[in-house]
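Okay, so here's the structure we're looking at.
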Amino acid sequence: MAKLAASHHVARVLSVANHLAGVETESRIAASWRRCLVNHKLDPARRGPPQTLTETEVRHIAEPMEELIQAALPELEDLARVLRDSGYCVNLADPNATMLLSRLPEGDYARMFLEWKIYTGSNFAETFEGTNGLGTALAEQRPIIVHGDEHFREQWSMFTCAVSPLFDHTGRLAGAVNITSCRSDLGRGAHELALAVTTDATRRIERAMFRRHYRAAWVATLPGSESSGLIAYDDDRRVVGACRTARAVFGLSDAMIADGIDLSHLIQLDDRAARAPEGSVALRRADGTPWGQGRVAPPLRARSPRSLPAPPRENRSGHFAGLHKLAGHDPVLLKGVKRLMTVGNLDLPILLRGETGSGKDVFARAIHAASNRARNNYVALNCAAMPESLIDAELFGYEAGAFTGARREGSKGLIVQASSGTLFLDEIGDMPLTLQTRLLRVLENREVWPLGALKPVPVDIRLISATHCDLAAMAEDGSFRSDLYYRLRGMEVRLPALRERADKREVIAQIADEEAPQHRIAPDAWALLMAYPFPGNMRQLRHVLRLAGCTAEGGVITEADLDLPPFGGRAAEADQAASERAAIIEALRASGGRVTEAAKALKLSRATLYRKIKALKIGAPS
């Protein structure tokens with residue numbers, strides 16, 4: 001082993017690893033340090049980036065994990081939204097600690113992660129990088145926080161990782177959810193809270209995977225376990241599957257499940273409970289002793305009320321199953337899905353139009369999954385969230401040395417990364433006019449000119465765009481290029497707001513089953529949920545039910561558990577518009593009428609601010 005650099009950190013690692021007394025370190029960290037030094041022959045002083053796979057290699061290892069990735073995406077996106085401002089990077093990794101999906105935070109934090117190569121394709125196995133959150137959690141198959149100088153390699157001591165492993169429907173290790181922070185001002189307590197949030201997210205992903213795999217079976221949820229035990233059984237009450245927790249509780253093996261052990265050998269259900277539509281039930285152990293409140297859910301194939309007409313059978317299977325699930329029984333969405341099926345894999349740009357939170361990103365992913373490009377990349381960019389100065393480089397890429405601060409190796413850009421796959425541009429109405437011109441050229445010529453490049457790069461993308469704006473009106477008044485609008489609108493699909501959906505009750509029931517699976521909704525809560533207009537749409541509903549599932553007592557969500565702010569319809573909208581108008585006028589006055597400075601102060605893109613100035617009829621400031 002190479003001679004170790006003399007530093008306090010290295011000396012401390014060697015001291016603990018060689019069993020010297022007087023060093024205060026968590027026993028798990030000490031055990032990991034010893035593994036790294038003795039078993040893996042690693043040097044704590046070695047510096048350098050982690051091993052990083054190519055895009056092709058990442059795609060190859062991600063392909064067999066597609067079901068996990070699809071189940072995890074909504075949770076990862078939620079985690080990224082919640083933690084972005086705190087400087088956390090959110091990752092999904094495979095069992096070998098290779099990052100398959102990454103969501104970076106904003107601004108300087110993102111640059112630090114990119115500089116240290118902590119992104120998709122990076123491998124942080126303990127055998128390579130020593131003690132770290134991702135590698136050690138997977139090695140030990142249990143959640144962990146690795147904080148600062150608890151890392152084995154000194155160079156990673158600026159980071160803190162909170163990681164929770166993921167297990168599939170058979171209880172086998174399937175990967176991990178990792179959140180990493182580069183903020184030195186956050187104490188361990190903040191990271192422990194972040195770990196709790198991450199662990200909750202992984203449990204929801206596991207439940208979603210289990211329900212997807214055993215969609216044709218009944219599922220009983222056991223009481224009294226830290227991560228709810230799940231048992232799947234058929235109509236004859238033969239066990240067909242069990243999660244990791246349930247296997248541990250009952251000592252179930254693969255052979256016992258394959259033989260179809262009778263459910264009565266594990267738990268007792270009366271006829272009513274075993275065939276209940278769904279809800280909380282009292283469970284008994286096999287010997288008849290009371291156990292506590294559990295839950296029984298029917299097969300997913302039987303969840304839709306019989307009174308509602310189902311789409312044609314041939315349309316509910318195959319590639320379009322995901323789209324049909326999102327459409328439910330809403331006539332507007334079903335019509336949109338039918339039109340999408342008719343165009344199939346034609347190279348036709350699609351424009352999704354709907355209110356904020358109506359699920360445009362989820363719908364776009366389902367379109368990608370239904371296409372012949374599903375095995376290739378799905379790349380998304382929120383044009384409203386990205387600062388105008390960064391969109392150009394992010395979208396079109398750049399060559400090495402193209403500008404001050406550019407990466408030494410350059411950047412491919414999102415359009416090139418999406419080649420052979422799908423590019424999703426969310427809130428396209430907020431794209432600056434100068435970049436609209438460049439995007440139009442890409443769509444016309446099917447090639448990209450990265451910043452500083454001497455020749456174009458050919459690309460093959462399917463473009464899906466989304467907006468809550470009226471692009472036709474914007475094209476008419478000149479705030480959006482009309483030629484680009486007609487390029488984007490190969491087919492327009494409208495996503496109705498949640499309050500407009502004909503199947504609103506079904507949607508609420510489905511999301512409640514995902515976000516609060518161990519609870520039932522009381523009649524008073526149902527009445528409020530059905531009457532409330534949900535201005536934040538699906539996103540707001542999901543957050544409300546998730547919180548209610550955490551705070552409700554006795555397994556029942558009541559009206560008091562629903563954290564729904566008052567919504568006063570037009571009067572509230574008028575008040576909001578007046579407040580927004582006053583804020584914009586004040587920002588313009590403070591900046592001397594300079595729109596660029598006012599936009600920065602309001603944290604809006606310049607295009608968005610121009611549109612609001614016109615919509616709110618704000619004249620030039622005095």
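By order in the structure tokens, chains are A, B, ...; within a chain, residues start at 1; ligands start at 1, following the order shown.
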* Which of range 376-519 of chain A DSSP labels strand (DSSP E or B), written as a list of chain:residue names ->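 Filtering range 376-519 of chain A down to strand (DSSP E or B) leaves A:Tyr378, A:Val379, A:Ala380, A:Leu381, A:Asn382, A:Tyr398, A:Ser411, A:Thr422, A:Leu423, A:Phe424, A:Leu425, A:Asp426, A:Glu447, A:Val448, A:Leu451, A:Val457, A:Pro458, A:Arg462, A:Leu463, A:Ile464, A:Ser465, A:Ala466, A:Thr467, A:Met491, A:Glu492, A:Val493, A:Arg494.
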For the selection you just gave me, I'd like the residues written to a file as a PDB file, in the first residue's frame, keeping C-alpha atoms.
```pdb
ATOM      1  CA  TYR A 378     -35.782  10.924 -21.287  1.00  0.00           C
ATOM      2  CA  VAL A 379     -34.303  14.371 -20.582  1.00  0.00           C
ATOM      3  CA  ALA A 380     -36.307  17.168 -18.952  1.00  0.00           C
ATOM      4  CA  LEU A 381     -35.684  20.892 -18.515  1.00  0.00           C
ATOM      5  CA  ASN A 382     -37.907  23.362 -16.683  1.00  0.00           C
ATOM      6  CA  TYR A 398     -20.518  23.941 -25.033  1.00  0.00           C
ATOM      7  CA  SER A 411     -20.666  19.703 -21.880  1.00  0.00           C
ATOM      8  CA  THR A 422     -37.218  12.267 -25.770  1.00  0.00           C
ATOM      9  CA  LEU A 423     -36.595  15.883 -24.764  1.00  0.00           C
ATOM     10  CA  PHE A 424     -39.211  17.419 -22.453  1.00  0.00           C
ATOM     11  CA  LEU A 425     -39.283  21.206 -22.164  1.00  0.00           C
ATOM     12  CA  ASP A 426     -41.554  22.213 -19.293  1.00  0.00           C
ATOM     13  CA  GLU A 447     -28.492  19.547 -35.526  1.00  0.00           C
ATOM     14  CA  VAL A 448     -27.055  21.458 -32.562  1.00  0.00           C
ATOM     15  CA  LEU A 451     -21.182  27.143 -27.750  1.00  0.00           C
ATOM     16  CA  VAL A 457     -23.764  17.830 -33.875  1.00  0.00           C
ATOM     17  CA  PRO A 458     -26.584  15.824 -35.541  1.00  0.00           C
ATOM     18  CA  ARG A 462     -38.776  13.553 -30.056  1.00  0.00           C
ATOM     19  CA  LEU A 463     -39.842  16.848 -28.518  1.00  0.00           C
ATOM     20  CA  ILE A 464     -42.575  17.139 -25.897  1.00  0.00           C
ATOM     21  CA  SER A 465     -43.303  20.623 -24.580  1.00  0.00           C
ATOM     22  CA  ALA A 466     -45.602  21.753 -21.792  1.00  0.00           C
ATOM     23  CA  THR A 467     -47.068  25.041 -20.640  1.00  0.00           C
ATOM     24  CA  MET A 491     -50.442  17.719 -31.543  1.00  0.00           C
ATOM     25  CA  GLU A 492     -51.858  19.518 -28.518  1.00  0.00           C
ATOM     26  CA  VAL A 493     -53.148  17.502 -25.568  1.00  0.00           C
ATOM     27  CA  ARG A 494     -55.043  19.328 -22.833  1.00  0.00           C
TER      28      ARG A 494
END
```
* For Gly397 in chain A, list every protein, DNA or RNA residue within 9 Å, evaluated using only C-alpha atoms, and leave out those in the same chain fewer than 5 positions away; present the list as a ChimeraX atom specification. => /A:392,410-416,448-451
* To do: Would you mind listing what lies within 6 Å of Thr120 in chain A as a VMD selection string, with only C-alpha atoms counted and same-chain residues fewer than 6 positions away left out?
  => chain A and resid 99 to 102
Can you write just those residues out, N, CA and C atoms, as a PDB file, in the first residue's frame?
```
ATOM      1  N   MET A  99     -24.811   5.508  -9.629  1.00  0.00           N
ATOM      2  CA  MET A  99     -25.925   6.449  -9.681  1.00  0.00           C
ATOM      3  C   MET A  99     -26.599   6.377 -11.047  1.00  0.00           C
ATOM      4  N   LEU A 100     -27.898   6.033 -11.050  1.00  0.00           N
ATOM      5  CA  LEU A 100     -28.649   5.900 -12.300  1.00  0.00           C
ATOM      6  C   LEU A 100     -29.451   7.150 -12.617  1.00  0.00           C
ATOM      7  N   LEU A 101     -29.891   7.853 -11.586  1.00  0.00           N
ATOM      8  CA  LEU A 101     -30.646   9.101 -11.756  1.00  0.00           C
ATOM      9  C   LEU A 101     -30.107  10.113 -10.765  1.00  0.00           C
ATOM     10  N   SER A 102     -29.971  11.347 -11.191  1.00  0.00           N
ATOM     11  CA  SER A 102     -29.490  12.399 -10.290  1.00  0.00           C
ATOM     12  C   SER A 102     -30.326  13.651 -10.479  1.00  0.00           C
TER      13      SER A 102
END
```
* To do: For each of A:Leu73, A:Ile511, A:Leu435, A:Met538, take the minimum atom-to-atom distance to Gly357 in chain A, counting only C-alpha atoms, then give the residue where this is smallest.
  => A:Met538
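For the pair CA of Pro565 in chain A and CA of Gly536 in chain A, the separation is 11.0 Å.
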* Report the residues of range 452-576 of chain A whose backbone DSSP state falls under helix (DSSP H, G or I), written as a PyMOL selection string. => chain A and resi 471-477+482-488+498-500+504-515+523-531+537-551+559-561+570-576
* **Who sits within 12 Å of Gly171 in chain A, only C-alpha atoms, same chain under 5 positions skipped, as a PyMOL selection string** => chain A and resi 141+165-166+206-207+209-210+229-231+241-248+252-254
